[in-house]
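The structure file final_0.txt is reproduced below (compact mmCIF, N, CA and C atoms and all ligand atoms).
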# COMPACT_ATOMS: atom_id res chain seq x y z
N MET Q 29 -25.17 25.44 -9.02
CA MET Q 29 -25.35 26.88 -9.24
C MET Q 29 -26.39 27.17 -10.31
N HIS Q 30 -26.95 26.11 -10.85
CA HIS Q 30 -27.96 26.26 -11.89
C HIS Q 30 -29.11 27.15 -11.39
N GLU Q 31 -29.52 26.92 -10.16
CA GLU Q 31 -30.66 27.65 -9.63
C GLU Q 31 -30.41 29.15 -9.51
N LEU Q 32 -29.14 29.54 -9.36
CA LEU Q 32 -28.85 30.96 -9.19
C LEU Q 32 -29.26 31.76 -10.43
N SER Q 33 -28.83 31.30 -11.61
CA SER Q 33 -29.17 32.04 -12.82
C SER Q 33 -30.67 31.94 -13.11
N VAL Q 34 -31.23 30.80 -12.80
CA VAL Q 34 -32.67 30.60 -13.00
C VAL Q 34 -33.46 31.57 -12.11
N THR Q 35 -33.01 31.68 -10.87
CA THR Q 35 -33.71 32.54 -9.92
C THR Q 35 -33.60 34.01 -10.31
N GLN Q 36 -32.43 34.39 -10.82
CA GLN Q 36 -32.26 35.76 -11.30
C GLN Q 36 -33.26 36.04 -12.42
N GLY Q 37 -33.46 35.06 -13.28
CA GLY Q 37 -34.41 35.21 -14.37
C GLY Q 37 -35.83 35.41 -13.87
N ILE Q 38 -36.20 34.67 -12.85
CA ILE Q 38 -37.54 34.80 -12.26
C ILE Q 38 -37.73 36.20 -11.71
N LEU Q 39 -36.71 36.65 -10.99
CA LEU Q 39 -36.78 37.97 -10.37
C LEU Q 39 -36.93 39.06 -11.42
N ASP Q 40 -36.14 38.96 -12.49
CA ASP Q 40 -36.20 39.96 -13.56
C ASP Q 40 -37.60 40.02 -14.18
N ILE Q 41 -38.16 38.85 -14.45
CA ILE Q 41 -39.49 38.79 -15.07
C ILE Q 41 -40.54 39.38 -14.14
N ALA Q 42 -40.46 39.02 -12.86
CA ALA Q 42 -41.46 39.48 -11.90
C ALA Q 42 -41.43 41.00 -11.75
N ILE Q 43 -40.23 41.55 -11.66
CA ILE Q 43 -40.11 43.00 -11.48
C ILE Q 43 -40.56 43.74 -12.73
N GLU Q 44 -40.15 43.21 -13.86
CA GLU Q 44 -40.55 43.82 -15.13
C GLU Q 44 -42.07 43.82 -15.26
N THR Q 45 -42.68 42.70 -14.89
CA THR Q 45 -44.13 42.58 -14.98
C THR Q 45 -44.82 43.54 -14.01
N ALA Q 46 -44.30 43.64 -12.82
CA ALA Q 46 -44.90 44.52 -11.81
C ALA Q 46 -44.81 45.97 -12.25
N GLN Q 47 -43.68 46.33 -12.84
CA GLN Q 47 -43.50 47.72 -13.27
C GLN Q 47 -44.38 48.05 -14.46
N ARG Q 48 -44.48 47.09 -15.37
CA ARG Q 48 -45.31 47.32 -16.55
C ARG Q 48 -46.78 47.44 -16.16
N GLY Q 49 -47.17 46.63 -15.17
CA GLY Q 49 -48.56 46.62 -14.74
C GLY Q 49 -48.98 47.88 -14.01
N SER Q 50 -48.03 48.66 -13.56
CA SER Q 50 -48.41 49.82 -12.74
C SER Q 50 -47.92 51.12 -13.35
N THR Q 51 -47.71 51.14 -14.66
CA THR Q 51 -47.14 52.35 -15.28
C THR Q 51 -48.01 53.58 -15.08
N GLU Q 52 -49.34 53.37 -15.11
CA GLU Q 52 -50.22 54.53 -14.98
C GLU Q 52 -50.12 55.17 -13.61
N LEU Q 53 -49.84 54.32 -12.62
CA LEU Q 53 -49.78 54.82 -11.26
C LEU Q 53 -48.35 55.14 -10.82
N ALA Q 54 -47.42 54.79 -11.68
CA ALA Q 54 -46.01 54.84 -11.26
C ALA Q 54 -45.61 56.22 -10.76
N GLU Q 55 -46.06 57.26 -11.47
CA GLU Q 55 -45.62 58.59 -11.07
C GLU Q 55 -46.24 59.01 -9.75
N VAL Q 56 -47.43 58.55 -9.51
CA VAL Q 56 -48.13 58.94 -8.29
C VAL Q 56 -47.68 58.09 -7.10
N ALA Q 57 -47.80 56.80 -7.28
CA ALA Q 57 -47.62 55.92 -6.13
C ALA Q 57 -46.32 55.13 -6.15
N GLY Q 58 -45.62 55.17 -7.29
CA GLY Q 58 -44.45 54.30 -7.40
C GLY Q 58 -44.92 52.90 -7.73
N ALA Q 59 -44.01 52.07 -8.15
CA ALA Q 59 -44.38 50.69 -8.48
C ALA Q 59 -44.80 49.96 -7.21
N ARG Q 60 -45.76 49.05 -7.37
CA ARG Q 60 -46.27 48.34 -6.19
C ARG Q 60 -45.41 47.12 -5.88
N PRO Q 61 -45.27 46.83 -4.63
CA PRO Q 61 -44.41 45.70 -4.24
C PRO Q 61 -45.03 44.36 -4.64
N ILE Q 62 -44.17 43.43 -4.95
CA ILE Q 62 -44.60 42.08 -5.30
C ILE Q 62 -44.75 41.27 -4.02
N THR Q 63 -45.91 40.67 -3.85
CA THR Q 63 -46.14 39.90 -2.61
C THR Q 63 -46.01 38.40 -2.81
N ALA Q 64 -46.27 37.94 -4.03
CA ALA Q 64 -46.17 36.49 -4.28
C ALA Q 64 -45.87 36.24 -5.74
N ILE Q 65 -45.18 35.16 -6.00
CA ILE Q 65 -44.87 34.76 -7.37
C ILE Q 65 -45.22 33.29 -7.52
N ASP Q 66 -46.06 33.00 -8.53
CA ASP Q 66 -46.43 31.62 -8.81
C ASP Q 66 -45.53 31.06 -9.90
N LEU Q 67 -44.92 29.94 -9.62
CA LEU Q 67 -43.99 29.33 -10.56
C LEU Q 67 -44.47 27.94 -10.95
N VAL Q 68 -44.20 27.58 -12.18
CA VAL Q 68 -44.48 26.22 -12.63
C VAL Q 68 -43.14 25.52 -12.86
N ILE Q 69 -42.98 24.39 -12.22
CA ILE Q 69 -41.73 23.65 -12.35
C ILE Q 69 -42.03 22.24 -12.84
N GLY Q 70 -41.44 21.88 -13.95
CA GLY Q 70 -41.62 20.53 -14.48
C GLY Q 70 -40.84 19.51 -13.67
N ASP Q 71 -41.38 18.30 -13.61
CA ASP Q 71 -40.73 17.23 -12.88
C ASP Q 71 -39.32 16.93 -13.43
N LEU Q 72 -39.10 17.26 -14.69
CA LEU Q 72 -37.82 16.94 -15.31
C LEU Q 72 -36.86 18.11 -15.35
N SER Q 73 -37.26 19.22 -14.76
CA SER Q 73 -36.43 20.42 -14.89
C SER Q 73 -35.26 20.42 -13.92
N SER Q 74 -35.24 19.49 -12.98
CA SER Q 74 -34.16 19.35 -12.01
C SER Q 74 -33.93 20.60 -11.19
N ILE Q 75 -34.99 21.35 -10.99
CA ILE Q 75 -34.92 22.53 -10.15
C ILE Q 75 -35.33 22.14 -8.73
N VAL Q 76 -34.56 22.57 -7.76
CA VAL Q 76 -34.87 22.28 -6.37
C VAL Q 76 -35.54 23.50 -5.74
N ASP Q 77 -36.76 23.31 -5.28
CA ASP Q 77 -37.55 24.42 -4.75
C ASP Q 77 -36.79 25.21 -3.69
N ASP Q 78 -36.20 24.50 -2.75
CA ASP Q 78 -35.55 25.16 -1.62
C ASP Q 78 -34.39 26.04 -2.07
N SER Q 79 -33.67 25.59 -3.09
CA SER Q 79 -32.55 26.37 -3.60
C SER Q 79 -33.04 27.66 -4.23
N VAL Q 80 -34.13 27.57 -4.97
CA VAL Q 80 -34.67 28.75 -5.62
C VAL Q 80 -35.11 29.77 -4.57
N GLN Q 81 -35.79 29.29 -3.55
CA GLN Q 81 -36.23 30.19 -2.48
C GLN Q 81 -35.03 30.83 -1.78
N PHE Q 82 -34.00 30.03 -1.57
CA PHE Q 82 -32.79 30.50 -0.92
C PHE Q 82 -32.14 31.64 -1.72
N TYR Q 83 -31.93 31.42 -3.00
CA TYR Q 83 -31.33 32.44 -3.84
C TYR Q 83 -32.24 33.65 -4.00
N PHE Q 84 -33.54 33.35 -4.05
CA PHE Q 84 -34.49 34.45 -4.24
C PHE Q 84 -34.41 35.43 -3.07
N ASP Q 85 -34.33 34.90 -1.87
CA ASP Q 85 -34.27 35.76 -0.69
C ASP Q 85 -33.05 36.68 -0.74
N ILE Q 86 -31.96 36.17 -1.28
CA ILE Q 86 -30.73 36.98 -1.38
C ILE Q 86 -30.86 38.01 -2.51
N LEU Q 87 -31.25 37.53 -3.68
CA LEU Q 87 -31.27 38.38 -4.87
C LEU Q 87 -32.34 39.47 -4.80
N SER Q 88 -33.42 39.20 -4.08
CA SER Q 88 -34.54 40.15 -4.10
C SER Q 88 -34.37 41.28 -3.09
N LYS Q 89 -33.35 41.20 -2.28
CA LYS Q 89 -33.15 42.25 -1.27
C LYS Q 89 -33.03 43.61 -1.94
N GLY Q 90 -33.81 44.56 -1.45
CA GLY Q 90 -33.74 45.91 -1.98
C GLY Q 90 -34.50 46.11 -3.28
N THR Q 91 -35.19 45.07 -3.76
CA THR Q 91 -35.98 45.21 -4.98
C THR Q 91 -37.47 45.22 -4.62
N LEU Q 92 -38.28 45.42 -5.64
CA LEU Q 92 -39.74 45.40 -5.47
C LEU Q 92 -40.23 44.06 -4.96
N ALA Q 93 -39.44 43.03 -5.19
CA ALA Q 93 -39.88 41.67 -4.86
C ALA Q 93 -39.36 41.19 -3.51
N GLU Q 94 -38.73 42.06 -2.78
CA GLU Q 94 -38.20 41.63 -1.48
C GLU Q 94 -39.35 41.14 -0.60
N GLY Q 95 -39.16 39.97 0.00
CA GLY Q 95 -40.16 39.42 0.90
C GLY Q 95 -41.30 38.69 0.20
N ALA Q 96 -41.26 38.63 -1.13
CA ALA Q 96 -42.33 37.93 -1.85
C ALA Q 96 -42.27 36.43 -1.56
N VAL Q 97 -43.45 35.83 -1.54
CA VAL Q 97 -43.55 34.39 -1.32
C VAL Q 97 -43.51 33.68 -2.66
N LEU Q 98 -42.70 32.67 -2.76
CA LEU Q 98 -42.67 31.86 -3.98
C LEU Q 98 -43.60 30.67 -3.80
N ARG Q 99 -44.49 30.48 -4.77
CA ARG Q 99 -45.38 29.32 -4.72
C ARG Q 99 -45.08 28.44 -5.92
N PHE Q 100 -44.80 27.19 -5.65
CA PHE Q 100 -44.38 26.27 -6.70
C PHE Q 100 -45.51 25.34 -7.10
N ARG Q 101 -45.73 25.24 -8.38
CA ARG Q 101 -46.69 24.26 -8.88
C ARG Q 101 -45.91 23.27 -9.75
N ARG Q 102 -46.08 22.00 -9.49
CA ARG Q 102 -45.37 20.98 -10.23
C ARG Q 102 -46.09 20.61 -11.52
N GLU Q 103 -45.35 20.50 -12.58
CA GLU Q 103 -45.91 20.02 -13.83
C GLU Q 103 -45.42 18.59 -14.04
N HIS Q 104 -46.36 17.66 -14.21
CA HIS Q 104 -45.98 16.27 -14.39
C HIS Q 104 -45.29 16.07 -15.74
N ALA Q 105 -44.36 15.16 -15.75
CA ALA Q 105 -43.70 14.82 -17.00
C ALA Q 105 -44.63 13.94 -17.83
N THR Q 106 -44.71 14.22 -19.09
CA THR Q 106 -45.49 13.38 -20.00
C THR Q 106 -44.65 13.06 -21.23
N ALA Q 107 -44.95 11.96 -21.84
CA ALA Q 107 -44.24 11.55 -23.04
C ALA Q 107 -45.25 11.01 -24.06
N ARG Q 108 -44.83 11.04 -25.31
CA ARG Q 108 -45.71 10.60 -26.38
C ARG Q 108 -44.94 9.67 -27.30
N CYS Q 109 -45.61 8.64 -27.72
CA CYS Q 109 -44.97 7.67 -28.60
C CYS Q 109 -45.04 8.17 -30.05
N GLY Q 110 -43.87 8.12 -30.72
CA GLY Q 110 -43.81 8.59 -32.10
C GLY Q 110 -44.43 7.61 -33.09
N ASP Q 111 -44.69 6.41 -32.66
CA ASP Q 111 -45.26 5.43 -33.57
C ASP Q 111 -46.77 5.28 -33.43
N CYS Q 112 -47.25 5.07 -32.21
CA CYS Q 112 -48.69 4.83 -32.05
C CYS Q 112 -49.42 6.03 -31.47
N GLY Q 113 -48.68 7.07 -31.06
CA GLY Q 113 -49.34 8.26 -30.55
C GLY Q 113 -49.79 8.17 -29.11
N HIS Q 114 -49.52 7.07 -28.47
CA HIS Q 114 -49.89 6.88 -27.07
C HIS Q 114 -49.21 7.94 -26.20
N GLN Q 115 -50.01 8.58 -25.36
CA GLN Q 115 -49.46 9.60 -24.48
C GLN Q 115 -49.58 9.13 -23.05
N PHE Q 116 -48.55 9.31 -22.27
CA PHE Q 116 -48.60 8.78 -20.92
C PHE Q 116 -47.78 9.63 -19.97
N ARG Q 117 -48.10 9.47 -18.71
CA ARG Q 117 -47.39 10.16 -17.65
C ARG Q 117 -46.05 9.48 -17.45
N ALA Q 118 -45.01 10.25 -17.45
CA ALA Q 118 -43.68 9.68 -17.30
C ALA Q 118 -43.10 10.07 -15.95
N ARG Q 119 -42.57 9.11 -15.30
CA ARG Q 119 -41.90 9.40 -14.02
C ARG Q 119 -40.44 9.01 -14.17
N PRO Q 120 -39.57 9.84 -13.65
CA PRO Q 120 -38.16 9.43 -13.67
C PRO Q 120 -37.97 8.18 -12.83
N PRO Q 121 -37.14 7.22 -13.21
CA PRO Q 121 -36.38 7.20 -14.48
C PRO Q 121 -37.32 6.96 -15.66
N LEU Q 122 -37.05 7.65 -16.73
CA LEU Q 122 -37.95 7.58 -17.88
C LEU Q 122 -37.91 6.22 -18.57
N LEU Q 123 -39.07 5.84 -19.06
CA LEU Q 123 -39.15 4.60 -19.83
C LEU Q 123 -38.37 4.77 -21.12
N THR Q 124 -37.86 3.67 -21.63
CA THR Q 124 -37.13 3.75 -22.89
C THR Q 124 -37.96 3.19 -24.04
N GLU Q 125 -39.14 2.67 -23.71
CA GLU Q 125 -40.00 2.23 -24.79
C GLU Q 125 -41.47 2.49 -24.44
N CYS Q 126 -42.29 2.58 -25.48
CA CYS Q 126 -43.70 2.87 -25.30
C CYS Q 126 -44.39 1.72 -24.56
N PRO Q 127 -45.16 2.03 -23.51
CA PRO Q 127 -45.85 0.97 -22.78
C PRO Q 127 -46.94 0.29 -23.61
N ALA Q 128 -47.41 0.93 -24.67
CA ALA Q 128 -48.48 0.35 -25.48
C ALA Q 128 -47.94 -0.53 -26.61
N CYS Q 129 -46.93 -0.03 -27.34
CA CYS Q 129 -46.46 -0.78 -28.52
C CYS Q 129 -44.97 -1.10 -28.48
N HIS Q 130 -44.30 -0.70 -27.42
CA HIS Q 130 -42.87 -1.00 -27.22
C HIS Q 130 -41.96 -0.33 -28.23
N SER Q 131 -42.43 0.69 -28.88
CA SER Q 131 -41.56 1.46 -29.76
C SER Q 131 -40.58 2.30 -28.92
N PRO Q 132 -39.35 2.44 -29.39
CA PRO Q 132 -38.39 3.28 -28.66
C PRO Q 132 -38.47 4.76 -29.05
N ARG Q 133 -39.35 5.08 -29.97
CA ARG Q 133 -39.42 6.47 -30.45
C ARG Q 133 -40.31 7.32 -29.54
N LEU Q 134 -39.79 7.65 -28.40
CA LEU Q 134 -40.56 8.43 -27.44
C LEU Q 134 -40.10 9.89 -27.46
N GLN Q 135 -41.08 10.76 -27.24
CA GLN Q 135 -40.79 12.18 -27.20
C GLN Q 135 -41.33 12.73 -25.89
N VAL Q 136 -40.51 13.44 -25.17
CA VAL Q 136 -40.97 14.06 -23.93
C VAL Q 136 -41.80 15.29 -24.30
N THR Q 137 -43.04 15.33 -23.81
CA THR Q 137 -43.94 16.43 -24.19
C THR Q 137 -44.25 17.37 -23.04
N GLY Q 138 -43.90 17.00 -21.84
CA GLY Q 138 -44.18 17.89 -20.72
C GLY Q 138 -43.26 17.58 -19.56
N GLY Q 139 -43.12 18.53 -18.68
CA GLY Q 139 -42.33 18.29 -17.49
C GLY Q 139 -41.00 19.02 -17.46
N LYS Q 140 -40.71 19.75 -18.54
CA LYS Q 140 -39.45 20.48 -18.57
C LYS Q 140 -39.65 21.97 -18.28
N SER Q 141 -40.88 22.35 -18.03
CA SER Q 141 -41.17 23.77 -17.86
C SER Q 141 -40.50 24.36 -16.64
N PHE Q 142 -40.15 25.59 -16.79
CA PHE Q 142 -39.80 26.36 -15.62
C PHE Q 142 -40.17 27.79 -15.95
N LEU Q 143 -41.27 28.25 -15.39
CA LEU Q 143 -41.73 29.56 -15.81
C LEU Q 143 -42.50 30.27 -14.70
N VAL Q 144 -42.61 31.57 -14.90
CA VAL Q 144 -43.39 32.39 -13.98
C VAL Q 144 -44.83 32.39 -14.48
N ASP Q 145 -45.73 31.85 -13.68
CA ASP Q 145 -47.12 31.75 -14.08
C ASP Q 145 -47.85 33.07 -13.85
N SER Q 146 -47.68 33.64 -12.67
CA SER Q 146 -48.31 34.91 -12.38
C SER Q 146 -47.63 35.54 -11.16
N ILE Q 147 -47.89 36.82 -10.99
CA ILE Q 147 -47.38 37.47 -9.79
C ILE Q 147 -48.52 38.23 -9.11
N GLU Q 148 -48.37 38.40 -7.83
CA GLU Q 148 -49.34 39.18 -7.07
C GLU Q 148 -48.64 40.42 -6.56
N VAL Q 149 -49.31 41.55 -6.69
CA VAL Q 149 -48.72 42.78 -6.17
C VAL Q 149 -49.62 43.33 -5.07
N GLY Q 150 -49.02 43.98 -4.13
CA GLY Q 150 -49.77 44.53 -3.01
C GLY Q 150 -50.04 46.02 -3.24
N ASP Q 151 -50.61 46.64 -2.25
CA ASP Q 151 -50.85 48.08 -2.32
C ASP Q 151 -49.55 48.80 -2.02
N ALA Q 152 -49.33 49.88 -2.73
CA ALA Q 152 -48.07 50.61 -2.54
C ALA Q 152 -48.03 51.24 -1.14
ZN ZN O 1 -46.43 3.35 -28.94
Let's see the structure in the file written out as structure tokens.
Ligand SMILES: [Zn+2]
Amino acid sequence: MHELSVTQGILDIAIETAQRGSTELAEVAGARPITAIDLVIGDLSSIVDDSVQFYFDILSKGTLAEGAVLRFRREHATARCGDCGHQFRARPPLLTECPACHSPRLQVTGGKSFLVDSIEVGDA
């Protein structure tokens, strides 16, 4: 059920953004419908694309974002060594030591993102 709350968050951000972007026209034309939402998902975020789309279709019914297409962009996981500074692409299962100096002091620096990158709105 993790994706449900996450998807609600995406929807809230997208609608808020669409409404803020069209305030000048709001009285005349109403807020413009959202046609697409670009999302960034880190490899380590454990978010399943299909689940998000599934919940989105349900949650967006009757909102400005109904029928919007979700586009997912993957962010690769990266890690950095706390001892030698070596930075490398990490793939699950994560390494437990630095490939350059074998230090165990690794810090995950990328791949946990889950965010709305941009939205597209159509003509009202
Ligand atoms: Zn190292």
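In terms of minimum interatomic distance to ligand ZN 1 (chain O), Q:Glu125 ranks closest within Q:Asp145, Q:Glu125, Q:Asp151, Q:Asp66, counting only N, CA and C atoms and all ligand atoms.
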Throw together the list of residues within 10 Å of ligand ZN 1 (chain O), counting only C-alpha atoms and all ligand atoms, and drop it here as a short mmCIF file (atom, residue, chain, number, x, y, z; two decimals) with N, CA and C atoms, in the coordinates of the input.
data_model
loop_
_atom_site.label_atom_id
_atom_site.label_comp_id
_atom_site.auth_asym_id
_atom_site.auth_seq_id
_atom_site.Cartn_x
_atom_site.Cartn_y
_atom_site.Cartn_z
N ARG Q 108 -44.83 11.04 -25.31
CA ARG Q 108 -45.71 10.60 -26.38
C ARG Q 108 -44.94 9.67 -27.30
N CYS Q 109 -45.61 8.64 -27.72
CA CYS Q 109 -44.97 7.67 -28.60
C CYS Q 109 -45.04 8.17 -30.05
N GLY Q 110 -43.87 8.12 -30.72
CA GLY Q 110 -43.81 8.59 -32.10
C GLY Q 110 -44.43 7.61 -33.09
N ASP Q 111 -44.69 6.41 -32.66
CA ASP Q 111 -45.26 5.43 -33.57
C ASP Q 111 -46.77 5.28 -33.43
N CYS Q 112 -47.25 5.07 -32.21
CA CYS Q 112 -48.69 4.83 -32.05
C CYS Q 112 -49.42 6.03 -31.47
N GLY Q 113 -48.68 7.07 -31.06
CA GLY Q 113 -49.34 8.26 -30.55
C GLY Q 113 -49.79 8.17 -29.11
N HIS Q 114 -49.52 7.07 -28.47
CA HIS Q 114 -49.89 6.88 -27.07
C HIS Q 114 -49.21 7.94 -26.20
N GLN Q 115 -50.01 8.58 -25.36
CA GLN Q 115 -49.46 9.60 -24.48
C GLN Q 115 -49.58 9.13 -23.05
N PHE Q 116 -48.55 9.31 -22.27
CA PHE Q 116 -48.60 8.78 -20.92
C PHE Q 116 -47.78 9.63 -19.97
N GLU Q 125 -39.14 2.67 -23.71
CA GLU Q 125 -40.00 2.23 -24.79
C GLU Q 125 -41.47 2.49 -24.44
N CYS Q 126 -42.29 2.58 -25.48
CA CYS Q 126 -43.70 2.87 -25.30
C CYS Q 126 -44.39 1.72 -24.56
N PRO Q 127 -45.16 2.03 -23.51
CA PRO Q 127 -45.85 0.97 -22.78
C PRO Q 127 -46.94 0.29 -23.61
N ALA Q 128 -47.41 0.93 -24.67
CA ALA Q 128 -48.48 0.35 -25.48
C ALA Q 128 -47.94 -0.53 -26.61
N CYS Q 129 -46.93 -0.03 -27.34
CA CYS Q 129 -46.46 -0.78 -28.52
C CYS Q 129 -44.97 -1.10 -28.48
N HIS Q 130 -44.30 -0.70 -27.42
CA HIS Q 130 -42.87 -1.00 -27.22
C HIS Q 130 -41.96 -0.33 -28.23
N SER Q 131 -42.43 0.69 -28.88
CA SER Q 131 -41.56 1.46 -29.76
C SER Q 131 -40.58 2.30 -28.92
N PRO Q 132 -39.35 2.44 -29.39
CA PRO Q 132 -38.39 3.28 -28.66
C PRO Q 132 -38.47 4.76 -29.05
N ARG Q 133 -39.35 5.08 -29.97
CA ARG Q 133 -39.42 6.47 -30.45
C ARG Q 133 -40.31 7.32 -29.54
N LEU Q 134 -39.79 7.65 -28.40
CA LEU Q 134 -40.56 8.43 -27.44
C LEU Q 134 -40.10 9.89 -27.46
#
My list of candidates is Q:Phe142, Q:Arg119, Q:Thr35, Q:Val76. Which is closest to Ala107 in chain Q when distances are computed with only C-alpha atoms?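 Answer, going by the shortest atom-to-atom distance: Q:Arg119.
CA of Val97 in chain Q is found 10.9 Å from atom N of Ile147 in chain Q.
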Provide an axis-aligned box for all listed atoms of range 81-94 of chain Q, padding each side by 5 Å; report its centre and its edge lengths in Å to one decimal, as lines of an AutoDock Vina configuration file.
center_x = -35.5
center_y = 37.7
center_z = -3.1
size_x = 19.5
size_y = 26.8
size_z = 15.0
Report the residues of chain Q whose backbone DSSP state falls under strand (DSSP E), written as an NGL selection string. :Q and (62-70 or 97-103 or 106-109 or 115-117 or 134-138 or 142-149)
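If you count all atoms listed in the file and ignore residues fewer than 2 places along the chain from Gly70 in chain Q, what sits within 5 Å of it is Q:Val68, Q:Leu72, Q:Ser73, Q:Glu103, Q:Gly139, Q:Lys140, Q:Ser141, Q:Phe142.
Taking CA of Ala42 in chain Q and CA of Ser74 in chain Q as the two end points, the separation is 21.4 Å.
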Using DSSP assignments from the backbone, pull out every residue in range 45-152 of chain Q that falls under alpha helix (DSSP H) and give it to me as a PyMOL selection string. chain Q and resi 45-49+51-57+77-87
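Every protein, DNA or RNA residue with an atom at most 8 Å from range 93-95 of chain Q, where all atoms listed in the file count and chain neighbours fewer than 2 positions away do not, is listed here: Leu39, Ala42, Ile43, Arg60, Pro61, Ile62, Thr63, Ala64, Phe84, Asp85, Leu87, Ser88, Lys89, Gly90, Thr91, Val97 and Leu98 of chain Q.
Straight-line separation from CA of Arg48 in chain Q to CA of Gly150 in chain Q: 14.5 Å.
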With all atoms listed in the file as the counted atoms, please give the residues lying no more than 6.5 Å from Leu67 in chain Q, apart from itself and same-chain residues fewer than 2 positions off, as number ranges by chain. Q: 65, 69, 98-102, 143-146
